[in-house]
Amino acid sequence: MYEILKAHIDKVIPLSDDEFTFVSTHFTIKKFKKNQFLIQEGEAVRYSYFVISGLLKLVHTDDMGSQHIVSFAMEDWWESDFQAYHKQSKATMSLQCVENTEVFCLSLEDYQKVCAGLQKMGHFFLTKANNGHIASQQRILSFLTSNAKERYARLVKQYPSLVQRVPKTLLASYLGVSRETLSRLWRAS
């Protein structure tokens, strides 16, 4: 399993075996079943998660009880309620398994130790955070400037394997459309 983490980090910064040994001691591996929660709204956020296998959804429930899918995370992606994780506040979102999932877990304390002990890991995490921020901005722009058909086409082009794995009801929620609209878009593509 750790070779997956090393390959992921090596895409951004090369690590020697000794450096990776140091880094890897700060991660733990956990397995979760489909529908199980890693984070629940209102609770403390203990970890940032790197997906080894499986699929997660990050969900916010509004004051009216409606659920809004903020993001999905599949293999080779990081996910958490990052605001709550970094501020050590209560979660405003829930992280739940769409499939049986295995993850690397990194506590904030271990994150800080890794960055302090190996400066280039700070660069790694900054690169990952910047890429996540860019993706979030692109998603916001998509909602502001694109219709449902264009958002669906962009998602299919960008993440074809994700579209195949996510149930249509969840995909519709993520795109901000009804299940019926998504079915029409799916048939038309």
# chains A, B, ... in the order shown; residues from 1 in each chain; ligands from 1

$ residues_around --residues "Val114 (chain A)" --least-positions-apart "2" --cutoff "10 Å" --atoms "only C-alpha atoms" --output "list in words"
Glu19, Phe22, Val23, Ser24, Thr25, His26, Phe27, Leu106, Leu108, Glu109, Asp110, Tyr111, Gln112, Ala116, Gly117, Leu118, Gln119, Lys120, Met121 and Gly122 of chain A

$ write_last_selection --atoms "N, CA and C atoms" --output "mmCIF file, in the first residue's frame"
data_model
loop_
_atom_site.group_PDB
_atom_site.id
_atom_site.type_symbol
_atom_site.label_atom_id
_atom_site.label_comp_id
_atom_site.auth_asym_id
_atom_site.auth_seq_id
_atom_site.Cartn_x
_atom_site.Cartn_y
_atom_site.Cartn_z
ATOM 1 N N GLU A 19 13.759 9.408 3.221
ATOM 2 C CA GLU A 19 12.754 10.473 3.365
ATOM 3 C C GLU A 19 11.352 9.874 3.373
ATOM 4 N N PHE A 22 10.485 8.261 6.672
ATOM 5 C CA PHE A 22 10.078 9.283 7.643
ATOM 6 C C PHE A 22 8.631 9.699 7.408
ATOM 7 N N VAL A 23 8.293 10.016 6.161
ATOM 8 C CA VAL A 23 6.945 10.475 5.826
ATOM 9 C C VAL A 23 5.914 9.396 6.151
ATOM 10 N N SER A 24 6.182 8.172 5.739
ATOM 11 C CA SER A 24 5.191 7.092 5.875
ATOM 12 C C SER A 24 4.847 6.766 7.322
ATOM 13 N N THR A 25 5.762 7.037 8.247
ATOM 14 C CA THR A 25 5.475 6.741 9.664
ATOM 15 C C THR A 25 4.390 7.651 10.232
ATOM 16 N N HIS A 26 4.032 8.685 9.517
ATOM 17 C CA HIS A 26 3.020 9.626 9.998
ATOM 18 C C HIS A 26 1.623 9.335 9.454
ATOM 19 N N PHE A 27 1.508 8.324 8.609
ATOM 20 C CA PHE A 27 0.221 7.943 8.033
ATOM 21 C C PHE A 27 -0.272 6.634 8.640
ATOM 22 N N LEU A 106 -4.057 11.160 7.708
ATOM 23 C CA LEU A 106 -3.002 12.032 8.190
ATOM 24 C C LEU A 106 -3.616 13.052 9.141
ATOM 25 N N LEU A 108 -3.650 16.335 11.709
ATOM 26 C CA LEU A 108 -3.048 17.658 11.572
ATOM 27 C C LEU A 108 -1.688 17.702 12.264
ATOM 28 N N GLU A 109 -1.593 17.083 13.412
ATOM 29 C CA GLU A 109 -0.308 17.036 14.129
ATOM 30 C C GLU A 109 0.756 16.342 13.273
ATOM 31 N N ASP A 110 0.403 15.214 12.665
ATOM 32 C CA ASP A 110 1.367 14.509 11.812
ATOM 33 C C ASP A 110 1.667 15.291 10.531
ATOM 34 N N TYR A 111 0.678 15.961 9.999
ATOM 35 C CA TYR A 111 0.893 16.831 8.839
ATOM 36 C C TYR A 111 1.950 17.886 9.178
ATOM 37 N N GLN A 112 1.793 18.510 10.339
ATOM 38 C CA GLN A 112 2.741 19.540 10.760
ATOM 39 C C GLN A 112 4.131 18.957 11.007
ATOM 40 N N ALA A 116 7.447 20.052 8.953
ATOM 41 C CA ALA A 116 8.579 20.596 9.717
ATOM 42 C C ALA A 116 9.823 19.725 9.545
ATOM 43 N N GLY A 117 9.627 18.422 9.459
ATOM 44 C CA GLY A 117 10.755 17.500 9.373
ATOM 45 C C GLY A 117 11.335 17.340 7.981
ATOM 46 N N LEU A 118 10.561 17.694 6.974
ATOM 47 C CA LEU A 118 11.012 17.536 5.591
ATOM 48 C C LEU A 118 10.392 18.674 4.775
ATOM 49 N N GLN A 119 11.152 19.735 4.594
ATOM 50 C CA GLN A 119 10.642 20.963 3.999
ATOM 51 C C GLN A 119 9.968 20.738 2.649
ATOM 52 N N LYS A 120 10.493 19.836 1.845
ATOM 53 C CA LYS A 120 9.885 19.651 0.522
ATOM 54 C C LYS A 120 8.481 19.052 0.595
ATOM 55 N N MET A 121 8.109 18.451 1.718
ATOM 56 C CA MET A 121 6.727 17.982 1.861
ATOM 57 C C MET A 121 5.775 19.165 1.977
ATOM 58 N N GLY A 122 6.259 20.286 2.517
ATOM 59 C CA GLY A 122 5.451 21.504 2.524
ATOM 60 C C GLY A 122 5.128 21.932 1.104
#

$ residues_around --residues "region 67-73 of chain A" --least-positions-apart "5" --cutoff "10 Å" --atoms "only C-alpha atoms" --output "PyMOL selection string"
chain A and resi 49-51+53-62+78-80+93-98+136+139+162+166+170-176

$ write_last_selection --atoms "C-alpha atoms" --output "CSV table (one decimal), in the first residue's frame"
chain,number,residue,atom,x,y,z
A,49,TYR,CA,-7.6,11.4,3.7
A,50,PHE,CA,-5.7,10.1,0.7
A,51,VAL,CA,-7.8,7.5,-1.2
A,53,SER,CA,-9.1,2.5,-3.3
A,54,GLY,CA,-12.8,3.3,-3.4
A,55,LEU,CA,-15.0,6.4,-3.7
A,56,LEU,CA,-16.0,9.1,-1.3
A,57,LYS,CA,-18.5,12.0,-1.4
A,58,LEU,CA,-18.3,15.2,0.5
A,59,VAL,CA,-21.7,16.5,1.4
A,60,HIS,CA,-23.1,19.7,3.0
A,61,THR,CA,-26.6,19.7,4.5
A,62,ASP,CA,-28.3,23.1,4.4
A,78,TRP,CA,-7.2,13.8,-1.1
A,79,GLU,CA,-10.4,14.7,0.7
A,80,SER,CA,-11.5,16.2,4.0
A,93,MET,CA,-19.7,18.7,5.9
A,94,SER,CA,-19.9,15.0,6.0
A,95,LEU,CA,-17.5,12.6,4.2
A,96,GLN,CA,-19.2,9.3,3.3
A,97,CYS,CA,-18.2,6.2,1.3
A,98,VAL,CA,-20.0,5.6,-2.0
A,136,SER,CA,-12.9,24.4,-6.9
A,139,ARG,CA,-16.4,24.2,-10.6
A,162,LEU,CA,-16.0,8.8,-12.1
A,166,VAL,CA,-21.2,7.4,-9.3
A,170,LEU,CA,-25.6,11.5,-6.7
A,171,LEU,CA,-24.3,12.7,-10.0
A,172,ALA,CA,-27.5,14.7,-10.6
A,173,SER,CA,-27.1,16.3,-7.1
A,174,TYR,CA,-23.4,17.1,-7.9
A,175,LEU,CA,-24.4,18.8,-11.2
A,176,GLY,CA,-27.3,20.6,-9.6

$ select_by_dssp --residues "chain A" --states "strand (DSSP E)" --output "PyMOL selection string"
chain A and resi 28-32+37-39+47-53+55-61+67-74+78-79+94-97+101-107

$ select_by_dssp --residues "region 19-152 of chain A" --states "alpha helix (DSSP H)" --output "number ranges by chain"
A: 19-24, 82-87, 108-117, 119-145, 148-152

$ residues_around --residues "Gln88 (chain A)" --least-positions-apart "4" --cutoff "12 Å" --atoms "only C-alpha atoms" --output "MDAnalysis selection string"
chainID A and resid 42:48 81:84 92 107:109

$ closest_residue --among "A:Cys115, A:Val103, A:Leu5, A:Leu185" --to "Val156 (chain A)" --atoms "only C-alpha atoms"
A:Leu185

$ closest_residue --among "A:Tyr85, A:Ile13, A:Ala7, A:Asn35" --to "Leu126 (chain A)" --atoms "only C-alpha atoms"
A:Ile13

$ residues_around --residues "Val177 (chain A)" --least-positions-apart "4" --cutoff "10 Å" --atoms "only C-alpha atoms" --output "PyMOL selection string"
chain A and resi 147-149+152+169+171-173+181-182

$ write_last_selection --atoms "C-alpha atoms" --output "mmCIF file, in the first residue's frame"
data_model
loop_
_atom_site.group_PDB
_atom_site.id
_atom_site.type_symbol
_atom_site.label_atom_id
_atom_site.label_comp_id
_atom_site.auth_asym_id
_atom_site.auth_seq_id
_atom_site.Cartn_x
_atom_site.Cartn_y
_atom_site.Cartn_z
ATOM 1 C CA ASN A 147 -25.919 25.157 -18.416
ATOM 2 C CA ALA A 148 -26.572 21.607 -17.190
ATOM 3 C CA LYS A 149 -25.667 20.037 -20.537
ATOM 4 C CA TYR A 152 -22.331 17.266 -17.681
ATOM 5 C CA THR A 169 -28.922 10.286 -8.264
ATOM 6 C CA LEU A 171 -24.309 12.653 -10.033
ATOM 7 C CA ALA A 172 -27.467 14.713 -10.566
ATOM 8 C CA SER A 173 -27.058 16.293 -7.133
ATOM 9 C CA THR A 181 -32.647 15.957 -16.392
ATOM 10 C CA LEU A 182 -29.500 13.902 -15.916
#

$ atom_distance --atom1 "CA of Ser66 (chain A)" --atom2 "CA of Lys168 (chain A)"
17.2 Å

$ closest_residue --among "A:Tyr2, A:Phe37, A:Phe32, A:Phe124" --to "Asn100 (chain A)" --atoms "only C-alpha atoms"
A:Phe32

$ atom_distance --atom1 "CA of Lys87 (chain A)" --atom2 "CA of Lys128 (chain A)"
18.1 Å

$ closest_residue --among "A:Leu15, A:Ser146, A:Ser178, A:Ile4" --to "Asp76 (chain A)" --atoms "only C-alpha atoms"
A:Ile4
